[in-house]
Structure formats: structure tokens, C-alpha cells
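Visitor: Below are the C-alpha cells for one structure; questions will follow.
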Amino acid sequence: MIGYMCKYAPLEVLEAMGADLVRISPQVNDFSRADALMHPNMCSFTKAVLEDPAVKEMDGIILTSCCDSVRRLYDVLVRMYPDKFIYMLDVPRKVNDFSSRLFRERIQEMTREYGEFSGTTFDEAKLKDLLARREEAARLKGAPRQEGALRVGLTGARCSKSILNLLEDHHVEILFDMSCTGLARRLPVDPDNLMSSYAWAILNQVPCMRMVNASGRDRYIDGFRDRLDGIICHTVKFCDMYSFEYAHLKEDAHLPVLQVETDMTAQSEGQIRTRVEAFLESLGEPKHKKKVIHRRGDKKMYVLGVDSGSTSTNAVILDEDRNIVAFDVVRTGAKSGVSAQKVLDDVLEKAHLKKEDLTAIVATGYGRVSIPYADENVTEISCHGKGAHFFNPDVRTILDIGGQDSKAIRLNEKGEVADFVMNDKCAAGTGRFLEMMARTLEIDVSELGPISEQWKEDIEITSMCTVFAESEVISLIAQNKEKADIAHGLHKAIANKACSLLKKVGTQDVLMMTGGVAKNEGVVRAVEEHTGKKLYICEEPEIVGAVGAAVYALEEL
Amino acid sequence: MDYVKTYGNLIKKTMDGHPVAARRMVNFGLAEESFRIGHFPPKEMPQALKVLDSQSLANVNAALKNPQSSCWTNIFAPVELMQCFDLRCVSMECLASFLSGFKIEDALVNEAEAEGIAPTLCSYHKSFIGGTGSSILPDARLYVTTSLACDGNINTFRYVGERRGVPGFVIDIPDQYSQEALDYLVAQERELIGFLQERTGVRFDIDRLRETIRRENASRACYRRYLGEIRHRYYPKTLTLEMFLLFATHLDIGTKQTLDFFRLLEEDVKKYPERKGKAIFWVHMLPYYQQTLQEYMNYKEDYYIQACDMNLDYMEKMDADHPLQALARKMILNTYNGSYDRKIRNVARMVSYLGSDAVINFCHWGCKQSSGGVMLLKEEMRKRGIPMLVLDGDALDRRNSHDGQIRTRLEAFLEMIDTMGESK
């Protein structure tokens, strides 16, 4: 079995030589081995290859000179597995006669070496036959259309199965998958000039971002433009190439574009779910599993919104006239289900209601899928939009800094999400960051805001990485700096990070801040100074998501 | 008071809305620094390095003031060709470094990230994207870049070129050497010459290129003799000055000015005493601003930077009679191209030749080609009994390096090599 990872690998040649080919698609739990063999700051895909147990079982791997991380992966693999067929195929980045000739030579060199390794020989007739059969099969294949479904295109680096599965669960039609090995191979060849035309055809596929001329990607997307609702651009942590594609599409594609980043671990799935579902909601996803909820006679109706976040679980009860009847905020413990039950009990008690009095319940937040009593779940992005619109219909931009997330959301005049961005996986710029720093300063996180008001010396915390920043704060403590000044520096750092998120969606009037961190006056002031805009903050900024969920519940009726 | 920081903050405020004024402030700052080094240099600074420092600053300033005669490149581009068209090459890495010298790299990196560029991309690239996007850097006439060493070049230059409307040319360097690879590269050089002729209106003169290559060979011969001297002499330097050497070994190689510098360097080094301290061989970028490293290594004889592998990436004599083939060979056989083994062999050879006491490899944020092989290099050095320290950080963006972590690692390493020296 020979593993491969790149569409520029000459798979058909190897198949014609009898090789059993398998695409390497690792999903791992950690990178402890890879970090020691390479470096933590390498592309997550290449690190995952080093961790993948399936690789050990392979007889060899065909790598291509597609990027720097893969070049180094080859250097490590070749030492790890001296008895396997670890081969680096040099693929030109240009498509012309010279590059095609060079590539043909490289393929022939590879067949010689694979022949020596496997004891097989290469027969052009077999390749010709195989390519002809593949071409015929591709011609006959046609995907059935799904009526009424959203249609998205996938671009970027190799897409993990979890994204494809998620889209399938939502009955989304994937019009194309332009990520690494996603497109079907169409390699038309000239049987009389087989190897040259084969080399040319491989180089001439829809280009990836490593190629010098990548404009073919735009042309490919253009072919679907009239049917396309949006584009999902998938990037892999520490593979930077496709962030350029994202930046380009965001600016020039004139279509809704979502960026999702994964690091090949199962742990990143939660974040992907929120982003993808919020994107589908913003595209107007038809609700397939909508629960039919009916009014109960003339009795006054109440609905519940529950926001199960990483730090707090919040609940709000609205009546049918959109009045807040009661709300509650509890700390999310080790089990989100327990906190969800507690917040339900507490809010019902405050409202003097029973669960049976609730006509509909909508859950949101990270734990939304684990709330057993909810009728529906909607992402916190959409709920924050609804919630913000509920409190102030003039709000057009939201900055939400929660426990493990920070996000910037742009709304249209109806309170619907027009665009959003979220922080990446690390805790930089989130409530968790402030909590850790407060612990280092030996104060409660609620004291950070008031203390920072007394700052005198303008200290700059340069590291936004939580780990680095903690060391920096420890150094400042060692230098006998005042807590007030350190806290002020931390707030400026968090505001800096938040404003870069805001810049990505474009800061429009009126700007609202939500989430637990909005209660920290120091952060609020720092954001206001940075943006030059006054922030709108409602009385209980933590419950905006839950209010939005409750508004959704009312709209369901 | 940190005057540079205050000045940098002023530039940051100005560039938001008044990029041309901010650009003038950068020009003024560079001219000031060039004047300062030319007239009031630090007393420890060797004569040859004063000349290099002052000239390099003046060259960059001239490129920024006359963008229409300048060409954006990366550090490994075949500048010899652009010189034949009277274009002043200014590399993306050097522009980013100079802007970082004003302590404004954070604003530029933020600017690039706000456009959607990955935070994990190399900070040189992000600063260049932010610098051009905010118009603090004027648009060059054109750009010429290569895929050598860094896979980010193609995307960064293409992105900036499209955003700014700057035309450009990309040279794809094959990973492995062969006749077909050479032919492919020479064909690209010919295409580049056509592009440059068309864009500049200057006719290509191959004899001029041959002269450039001859000067390059003469420069490298002086450099080799200088390396022979530093095997046993201590030549004072700073992290910044070792970085400045990249102007001579890369960006300005082949010019008369650079040949004069190398001649001076060869003579200058002979004035310095026999070495006594620990000679460190540096691998990859140098975080010139890093406080602890400056404290221990800038003009300090006890531990000093003897050489950096980036300045030793190609040392062969080039065939001036066949200049295009010679340039193609230089690019394919560069130690930063191809398998990491090439780099390992080069470091091992140079450490052995120079008699270095230790190796420090700096893993610069976002640089996969370098960081990805560092454990392989460490293993090879271990086999050879050469102590090696791996430092993680950022050669440009101060926010990604932590002084406390670097200090602990460096001090422990220096203690270790001292102990090893005593027990020998």
C-alpha cells in the first residue's frame, strides 16, 4: 500500500504498476511525537501524518515538493522509515513545455525507483488502458441535484471529513470541492504521446495555490457562480497558502465566504460546527428538522432561550409580547448538562413558572447540542444577532468576548448576520485569557476592571499568546510594577486583538459589546479608545445570546 | 525614554490616514541613521562594517525615495539580472526589517491579519503585506521573486502585486538538480530578461552580466579569505551587522560597491586579535532586537557570532562565460533548496572549517522550511560533538519572542559550553 497526499502525484502510473494507493487523511489527538520530530509550528497536516498509525502500515509514501512543510516531512520520514519507499517527487510550479518535460523526466525517474523497490515494471499500455477507463467513468458520472438545498463550494487546503459530514447532515449540496485532492481527476491524454501528455495533464489540473498562476481557481469558481450560495474556505493551522485565497475571495468573490481552520485533531470539531452552522443560517438554510410547535389555547405563552457557554450558562424567559420575564446566569461546571438543568430550574423559579408553561425552548452556545430539553438549537452567532437587535435595533456590529471565544459579527438592518469572524483555537483575546492573568496577579477577575482605572504607567503587554503573556506578566511583577498598570496593559492587549477581529468584518455604527468581558470597564474603555467609537452595552451583556435564542423560539411559533 | 518607540508610535498614528507623511518619516529616520553611522559610529564597530551599514541604509533609502527605479525581490532572487537593467533591488525581508527597526511591525502585522492573512505566516511577509497595504511603502516599479527556500514568496508577492497593481515575475526553482531542471530555469531567466526589457526599455547586454558575475566571483574570493581569517581571529559584530552582511552576500552582490566592501573586509579583519572567546555559528535569521542576545553577543568577545549560514548559502565560483547557466546553478544548488541534508552538510562543513565552539539555530515564527528540520540538524551536531541550542521566537515581531524564555535557555547553554570547554 502506497500513501499519497497531493493531486500532482502521478497516481495512475503507480496503479498501472500494481500499487495499491491510499490517500492519507489523518485525524489525531495530539502532536507529541511530531513536535519532537519536527517543530510545533509546522503545518498540522504534516504533523498529523507523523502521528497517524495508518502510515506505519504503508509500504511507502509519495510526497511532492508542494510546500515547505511537506519538504521537511520527507526529510523526517526518510529517516524514520529507511526500508519503505519514501519518495519526493519534484513538481514544477509553472505549466509550459520546459516544466512539462522536466516533470515527465521526474515521473520516469520515479517509476524506475518504484520498479526497483517493488520488483515491478512499468508498461505504458497498462497506463493507457487505465486512463481511458477512468475518463469514460468520469463522463458517465453525474451527481443528482437536490431540490431546495443550499449550494456551497469548498476551497482551501484539504478538507477534513468532519466538514463534509457536517454539510451532508445539513443536506447542503457541495457543488465543488477544490481543496487539495477534492476534485475528480480528469487527465485527457494523447495515446500517441502518452507520457508527455500525461505529465502535461497532471500539471494542467485546476491549480493549487502553490502554482505560479493560480487564476484558474477563480475561473473554476466562476463556472458555478449562478448556482452558488456561498463558499467555505478551509485552512489548516500553519499552512498559510490558503489564507491568501481566503483574503482574495473575501475581497473579490462577491459571494458570502466562510473561513474555517482545523488542525487535524478531533478536538477542533466543536468550533467548526458553530462556524459552519452559523454560516448556513446566514445563507438562509431551510430548516429540515423544524419541530412543529403550536400555541396552547388562549393561555399566555412563554418561551425560553438557553445559552450554554464555556464559562456561564444563561437562560432567559420571554413572554409572547417580547418582555423579559426572568433571566438567570450560572457558572458552567464540568458537565454542561448539569448547568443547563440548574439554570432551567432557577429561571423557572424566578419566573414563577413550570416547565410545562414553556411553549418552546431554543438552545444556543457551545453546549447547545447537549441540552436535552431544547426543541431547537441555533448557533450563538445568529442568536447574538437577534439578541442585539432585540436590545437595540440600530446595532450593526457586535463584539462578543466570551469565555473561550471572541467574535465580531456584522448585522443587516433586520438583525440578520451579514458576516462574522471568530478567534482561532487559542485562548488569546478571550475571557479565559483575562482569568489566567487575574490569577497570576492574585486577584479576582472581576477586580481587573476597577483596578485598571487607577493606572499611571502605560505598560505594553506585547505577547497575545496566553502562555507568553503569563510569563510577561510574571516578569512585570518581578520588576515590581503596579497591578493597576499591568491590568491596564492587559486590557489594551485584549482590545488590540478584538479590534483586529472587528476590522475583518468592518466596524459600522452602532457597535455593541456583549459577553461576560463587556462587564469589565477597563476592556470597554480600551476598545472605545482603539475604535474611536462609543460602545453600546446593555445591562446584562452575558444574556444577549440567550435573549436571541428566546426570540428565535417566539419566531418559531 | 525610548525615542525610537516614541517616533514609531508617531509613524503608526500618522500612517492611518496620512501614509505619505508616514513614509517621509521613515525616509528621514533612515537618513538620520545612515548619517549617524557614517559620522558617529559605535567605537567598537569595525571599519568595513561601518561602510556596509551606512551604504546599505543609504541604498534602501534611495530605493524608497525612487520607487520607479526599484524592484521588490526576496533575498534569494537573481539580483545580477536586475542590475543589468539599472534596477535597485530591495528585498521584502529587508524592507520589513527596516520598518521593524522603527518598532512599528505590530501595526503592519495587524493590518495584514485583518485582511485575512494567516497569523501563522512569517512576520516578514506579513509586515511587507501590511507595509504595502497601508501605503507606508511606495509601490516599486516591478517585483521579481523566486520559490527558493520559502513557499510563501509566490503567494505574498502575487497578493501584493495584484493589490497594488505592481507587475511581477516569479522564478520557479526546481527542488532537485538535473539538466532538465537547469534548462527549465534558464528558459525562465530568458523570459525574465524579456519582461525586464519590456518594462524598463533597457536593452539587455550579456557582457554586462558577465562583468557582474566576475565581480561577484572576486567578492566571494575576498569573502572566503575573510572566513579563513576569522577561523583564528575575533572580528567584532552585532546581530544586526551579521544581518547587514546579507546585503553584501545577496542583495547587492555583483556591484562595484559590494566588491569594494569585500576588499575592505578582507583587509580590515587582519587588524583584529587572535580569538579567545566562544565562537557561535548562527543558523537562520537573527532576532537583531532581542535584548538578552544583544547583551551577550553584541561586540562581546566572550561569546560572539562568528558567522551565519544564510551568508554562506552558495560559495562556488561561477562560470562568467555562461552567466545564465551559472545563475541557474547557483539557485538550484543553494543550500536552502532541496533536501534538508544539504543544509546539514553545509552547517557541518562550515562549523568544522571555522572551528566554531557551538551552534545556535533560531526558529523564526512561521518559517517551516527551517524549523521543520531543526531536530535533524541537532542530531547531526550531537553526533559530531558540537553543542547546539534551538531558540524559538520571531526575528521581526517582538510580540512572538519572550525575553525571559530566551534568557534562561541562552544562559544555561553558555554555562554548558563553558563547562565543556573547561573539561576538555
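Residues are referred to by chain and number: the chain letter is A, B, ... according to the order shown in the C-alpha cells, the number counts from 1 in that chain, and ligands are numbered separately from 1 in the order shown.
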Counting only C-alpha atoms, which residues of chain B fall within 8 Å of chain A, and what is the closest atom pair for each with its distance in Å at one decimal, ordered by chain and rising number, as JSON lines?
Guide:
```
{"residue": "B:Asn110", "atom": "CA", "partner": "A:Ser500", "partner_atom": "CA", "distance": 6.5}
{"residue": "B:Glu111", "atom": "CA", "partner": "A:Ser500", "partner_atom": "CA", "distance": 7.8}
{"residue": "B:Glu113", "atom": "CA", "partner": "A:Ser500", "partner_atom": "CA", "distance": 7.4}
{"residue": "B:Ala114", "atom": "CA", "partner": "A:Lys504", "partner_atom": "CA", "distance": 5.0}
{"residue": "B:Glu115", "atom": "CA", "partner": "A:Ala247", "partner_atom": "CA", "distance": 5.8}
{"residue": "B:Gly116", "atom": "CA", "partner": "A:Ala247", "partner_atom": "CA", "distance": 4.8}
{"residue": "B:Ile117", "atom": "CA", "partner": "A:Ser243", "partner_atom": "CA", "distance": 5.1}
{"residue": "B:Ala118", "atom": "CA", "partner": "A:Ser243", "partner_atom": "CA", "distance": 5.4}
{"residue": "B:Thr120", "atom": "CA", "partner": "A:Phe238", "partner_atom": "CA", "distance": 5.4}
{"residue": "B:Leu121", "atom": "CA", "partner": "A:Asp240", "partner_atom": "CA", "distance": 5.7}
{"residue": "B:Ala149", "atom": "CA", "partner": "A:Asp68", "partner_atom": "CA", "distance": 7.9}
{"residue": "B:Cys150", "atom": "CA", "partner": "A:Asp68", "partner_atom": "CA", "distance": 6.8}
{"residue": "B:Asp151", "atom": "CA", "partner": "A:Cys67", "partner_atom": "CA", "distance": 5.8}
{"residue": "B:Gly152", "atom": "CA", "partner": "A:Met241", "partner_atom": "CA", "distance": 7.1}
{"residue": "B:Ile154", "atom": "CA", "partner": "A:Val212", "partner_atom": "CA", "distance": 6.6}
{"residue": "B:Asn155", "atom": "CA", "partner": "A:Phe244", "partner_atom": "CA", "distance": 6.7}
{"residue": "B:Thr156", "atom": "CA", "partner": "A:Phe244", "partner_atom": "CA", "distance": 7.9}
{"residue": "B:Tyr159", "atom": "CA", "partner": "A:Phe244", "partner_atom": "CA", "distance": 7.1}
{"residue": "B:Val170", "atom": "CA", "partner": "A:Val212", "partner_atom": "CA", "distance": 6.9}
{"residue": "B:Asp172", "atom": "CA", "partner": "A:Arg93", "partner_atom": "CA", "distance": 6.1}
{"residue": "B:Ile173", "atom": "CA", "partner": "A:Pro92", "partner_atom": "CA", "distance": 8.0}
{"residue": "B:Pro174", "atom": "CA", "partner": "A:Pro92", "partner_atom": "CA", "distance": 6.4}
{"residue": "B:Asp175", "atom": "CA", "partner": "A:Asp90", "partner_atom": "CA", "distance": 5.9}
{"residue": "B:Gln176", "atom": "CA", "partner": "A:Asp90", "partner_atom": "CA", "distance": 6.9}
{"residue": "B:Glu180", "atom": "CA", "partner": "A:Leu102", "partner_atom": "CA", "distance": 5.3}
{"residue": "B:Ala181", "atom": "CA", "partner": "A:Leu102", "partner_atom": "CA", "distance": 6.2}
{"residue": "B:Asp183", "atom": "CA", "partner": "A:Phe98", "partner_atom": "CA", "distance": 7.2}
{"residue": "B:Tyr184", "atom": "CA", "partner": "A:Phe98", "partner_atom": "CA", "distance": 5.1}
{"residue": "B:Ala187", "atom": "CA", "partner": "A:Phe98", "partner_atom": "CA", "distance": 7.6}
{"residue": "B:Ser339", "atom": "CA", "partner": "A:Asp75", "partner_atom": "CA", "distance": 6.6}
{"residue": "B:Tyr340", "atom": "CA", "partner": "A:Asp75", "partner_atom": "CA", "distance": 6.4}
{"residue": "B:Asp341", "atom": "CA", "partner": "A:Asp75", "partner_atom": "CA", "distance": 7.8}
{"residue": "B:Trp365", "atom": "CA", "partner": "A:Asn41", "partner_atom": "CA", "distance": 7.5}
{"residue": "B:Gly366", "atom": "CA", "partner": "A:Asn41", "partner_atom": "CA", "distance": 6.8}
{"residue": "B:Lys368", "atom": "CA", "partner": "A:Ser69", "partner_atom": "CA", "distance": 5.6}
{"residue": "B:Gln369", "atom": "CA", "partner": "A:Asp68", "partner_atom": "CA", "distance": 4.9}
{"residue": "B:Ser371", "atom": "CA", "partner": "A:His39", "partner_atom": "CA", "distance": 5.9}
{"residue": "B:Gly372", "atom": "CA", "partner": "A:Met38", "partner_atom": "CA", "distance": 4.8}
{"residue": "B:Gly373", "atom": "CA", "partner": "A:Arg72", "partner_atom": "CA", "distance": 6.0}
{"residue": "B:Val374", "atom": "CA", "partner": "A:Met38", "partner_atom": "CA", "distance": 6.9}
{"residue": "B:Met375", "atom": "CA", "partner": "A:Met38", "partner_atom": "CA", "distance": 6.1}
{"residue": "B:Leu376", "atom": "CA", "partner": "A:Val76", "partner_atom": "CA", "distance": 7.6}
{"residue": "B:Arg398", "atom": "CA", "partner": "A:Thr462", "partner_atom": "CA", "distance": 7.2}
{"residue": "B:Arg399", "atom": "CA", "partner": "A:Ser463", "partner_atom": "CA", "distance": 4.6}
{"residue": "B:Asn400", "atom": "CA", "partner": "A:Ser463", "partner_atom": "CA", "distance": 6.3}
{"residue": "B:Ser401", "atom": "CA", "partner": "A:Ser463", "partner_atom": "CA", "distance": 7.9}
{"residue": "B:His402", "atom": "CA", "partner": "A:Phe468", "partner_atom": "CA", "distance": 6.6}
{"residue": "B:Gly404", "atom": "CA", "partner": "A:Ser471", "partner_atom": "CA", "distance": 7.4}
```
Visitor: With a distance cut-off of 12 Å and only C-alpha atoms, select the neighbouring residues of Gln197 in chain B, excluding the residue or stretch itself and same-chain residues fewer than 6 positions from it, and output the selection as a PyMOL selection string.
Guide: chain B and resi 81-82+84-87+190-191+203-205
Visitor: Counting only C-alpha atoms, which residue out of A:Val306, A:Ala278, A:Leu554, A:Ala132 sits closest to Pro191 in chain A?
Guide: A:Ala132
Visitor: May I have the residues within 10 Å of Asp357 in chain B as a PyMOL selection string, using only C-alpha atoms and disregarding those fewer than 2 positions away in the same chain?
Guide: chain B and resi 277-281+303+306+351-352+354-355+359+385-388+417-418+420-421
Visitor: Could you tell me which of A:Val206, A:Leu164, A:Ala334, A:Val22 comes closest to Tyr8 in chain A if we count only C-alpha atoms?
Guide: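 Smallest separation from Tyr8 in chain A among the options: A:Val206.
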Visitor: Have a look at B:Phe195, B:Tyr314, B:Phe40, B:Tyr143 and name the one nearest to Pro67 in chain B; count only C-alpha atoms.
Guide: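 With only C-alpha atoms as the atom set, the closest residue is B:Tyr143.
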Visitor: Taking only C-alpha atoms into account, which of A:Ile107, A:Ala374, A:Ala253, A:Met512 comes nearest Lys534 in chain A?
Guide: A:Met512
Visitor: If you run DSSP on this backbone, which residues of range 286-471 of chain A come out as helix (DSSP H, G or I), and could you give them as a ChimeraX atom specification?
Guide: /A:336-351,355-357,366-370,380-391,431-440,445-452,466-471
Visitor: Once you have the residues from the selection above, write them out as an mmCIF file, in the first residue's frame, restricted to C-alpha atoms.
Guide:
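selection23.cif written:
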```cif
data_model
loop_
_atom_site.group_PDB
_atom_site.id
_atom_site.type_symbol
_atom_site.label_atom_id
_atom_site.label_comp_id
_atom_site.auth_asym_id
_atom_site.auth_seq_id
_atom_site.Cartn_x
_atom_site.Cartn_y
_atom_site.Cartn_z
ATOM 1 C CA SER A 336 -22.767 21.339 30.642
ATOM 2 C CA GLY A 337 -25.899 19.175 31.092
ATOM 3 C CA VAL A 338 -25.868 19.747 34.872
ATOM 4 C CA SER A 339 -25.531 23.518 34.495
ATOM 5 C CA ALA A 340 -28.295 23.510 31.890
ATOM 6 C CA GLN A 341 -30.650 21.750 34.314
ATOM 7 C CA LYS A 342 -29.715 24.148 37.129
ATOM 8 C CA VAL A 343 -30.278 27.244 35.032
ATOM 9 C CA LEU A 344 -33.654 25.868 33.911
ATOM 10 C CA ASP A 345 -34.735 25.231 37.491
ATOM 11 C CA ASP A 346 -33.522 28.661 38.657
ATOM 12 C CA VAL A 347 -35.080 30.677 35.859
ATOM 13 C CA LEU A 348 -38.418 28.885 36.186
ATOM 14 C CA GLU A 349 -38.401 29.627 39.896
ATOM 15 C CA LYS A 350 -37.649 33.305 39.289
ATOM 16 C CA ALA A 351 -40.474 33.482 36.727
ATOM 17 C CA LYS A 355 -41.582 23.752 32.572
ATOM 18 C CA GLU A 356 -44.974 22.846 31.115
ATOM 19 C CA ASP A 357 -45.721 26.579 30.805
ATOM 20 C CA TYR A 366 -21.150 25.514 22.534
ATOM 21 C CA GLY A 367 -23.188 23.125 24.615
ATOM 22 C CA ARG A 368 -26.391 23.652 22.613
ATOM 23 C CA VAL A 369 -26.430 20.133 21.233
ATOM 24 C CA SER A 370 -26.225 18.645 24.732
ATOM 25 C CA GLU A 380 -24.683 31.659 19.153
ATOM 26 C CA ILE A 381 -23.652 33.839 16.193
ATOM 27 C CA SER A 382 -27.208 34.105 14.900
ATOM 28 C CA CYS A 383 -28.578 34.359 18.444
ATOM 29 C CA HIS A 384 -26.251 37.236 19.300
ATOM 30 C CA GLY A 385 -27.521 38.976 16.178
ATOM 31 C CA LYS A 386 -31.139 38.515 17.224
ATOM 32 C CA GLY A 387 -30.366 39.421 20.826
ATOM 33 C CA ALA A 388 -28.518 42.597 19.887
ATOM 34 C CA HIS A 389 -31.352 43.605 17.572
ATOM 35 C CA PHE A 390 -33.805 42.973 20.426
ATOM 36 C CA PHE A 391 -31.961 45.370 22.737
ATOM 37 C CA GLY A 431 -12.272 35.784 28.841
ATOM 38 C CA ARG A 432 -10.096 32.788 29.665
ATOM 39 C CA PHE A 433 -7.040 34.919 28.933
ATOM 40 C CA LEU A 434 -8.162 37.541 31.447
ATOM 41 C CA GLU A 435 -8.968 34.866 34.025
ATOM 42 C CA MET A 436 -5.496 33.390 33.751
ATOM 43 C CA MET A 437 -3.882 36.793 34.009
ATOM 44 C CA ALA A 438 -6.004 37.720 37.027
ATOM 45 C CA ARG A 439 -4.882 34.507 38.696
ATOM 46 C CA THR A 440 -1.266 35.434 38.017
ATOM 47 C CA VAL A 445 -11.164 38.558 37.512
ATOM 48 C CA SER A 446 -13.971 40.957 38.491
ATOM 49 C CA GLU A 447 -11.389 43.212 40.165
ATOM 50 C CA LEU A 448 -9.341 43.674 36.985
ATOM 51 C CA GLY A 449 -11.620 46.392 35.604
ATOM 52 C CA PRO A 450 -11.836 48.596 38.704
ATOM 53 C CA ILE A 451 -8.107 48.194 39.479
ATOM 54 C CA SER A 452 -7.071 49.178 35.981
ATOM 55 C CA THR A 466 -1.713 33.346 26.712
ATOM 56 C CA VAL A 467 1.365 31.376 27.705
ATOM 57 C CA PHE A 468 3.799 34.099 26.639
ATOM 58 C CA ALA A 469 1.656 36.826 28.206
ATOM 59 C CA GLU A 470 1.625 34.983 31.514
ATOM 60 C CA SER A 471 5.432 34.897 31.526
#
```
Visitor: Nearest to Thr430 in chain A: which of A:Glu109, A:Gly515, A:Asp129, A:Gly216 is it, counting only C-alpha atoms?
Guide: A:Gly515
Visitor: Could you check how far CA of Pro273 in chain B sits from CA of Arg231 in chain B, in Å to one decimal?
Guide: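 Straight-line distance from CA of Pro273 in chain B to CA of Arg231 in chain B works out to 11.5 Å.
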Visitor: I need the residues of range 92-196 of chain B that end up classed as strand (DSSP E) by DSSP on the backbone, written out as a PyMOL selection string.
Guide: chain B and resi 142-146+168-171
Visitor: So that I can check the surroundings of range 123-130 of chain B, please list as a ChimeraX atom specification every protein, DNA and RNA residue that reaches within 9 Å of it, counting only C-alpha atoms and ignoring chain neighbours fewer than 2 positions away.
Guide: /B:92-97,99-100,105-113,117-121,132-137,152-153,156-157,159-160,364-366,394-397
Visitor: Could you tell me how far CA of Trp455 in chain A sits from CA of His488 in chain A, in Å to one decimal place?
Guide: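 Spanning CA of His488 in chain A to CA of Trp455 in chain A is a straight-line distance of 6.3 Å.
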Visitor: Find the residues around Pro53 in chain A up to 12 Å (only C-alpha atoms counted), leave out those fewer than 4 positions away in its own chain, and share them as a PyMOL selection string.
Guide: chain A and resi 24-29+33+48-49+57-58
Visitor: Just the selected residues (N, CA and C atoms), exported as a compact mmCIF listing (two decimals), in the first residue's frame, please.
Guide:
```txt
# COMPACT_ATOMS: atom_id res chain seq x y z
N ILE A 24 -3.79 9.71 2.23
CA ILE A 24 -3.53 9.85 3.67
C ILE A 24 -4.45 10.93 4.23
N SER A 25 -5.32 10.54 5.15
CA SER A 25 -6.26 11.50 5.77
C SER A 25 -6.24 11.33 7.27
N PRO A 26 -5.21 11.81 7.90
CA PRO A 26 -5.09 11.53 9.34
C PRO A 26 -6.03 12.37 10.20
N GLN A 27 -6.50 11.78 11.26
CA GLN A 27 -7.16 12.56 12.32
C GLN A 27 -6.57 12.06 13.63
N VAL A 28 -5.99 12.97 14.38
CA VAL A 28 -5.21 12.55 15.54
C VAL A 28 -5.68 13.28 16.79
N ASN A 29 -5.10 12.89 17.93
CA ASN A 29 -5.50 13.55 19.18
C ASN A 29 -4.48 14.55 19.67
N ARG A 33 4.51 13.42 19.38
CA ARG A 33 5.60 12.77 18.65
C ARG A 33 6.12 13.71 17.55
N ALA A 48 0.30 15.63 11.58
CA ALA A 48 -0.66 14.54 11.76
C ALA A 48 -0.20 13.29 11.00
N VAL A 49 0.47 13.48 9.86
CA VAL A 49 0.99 12.32 9.12
C VAL A 49 1.99 11.55 9.99
N GLU A 57 1.71 1.30 8.60
CA GLU A 57 1.34 0.08 7.87
C GLU A 57 1.64 0.18 6.37
N MET A 58 1.94 1.36 5.90
CA MET A 58 2.12 1.53 4.45
C MET A 58 3.50 1.05 4.01
```
Visitor: Neighbouring residues of range 71-76 of chain B were defined as those with any atom within 6 Å, considering only C-alpha atoms; residues of the same chain fewer than 3 positions away were excluded. Please report them as a list in words.
Guide: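 The residues satisfying every condition are Arg88, Cys89, Val90, Ser91, Met92, Ala140, Arg141, Leu142, Tyr143, Val144 and Thr145 of chain B.
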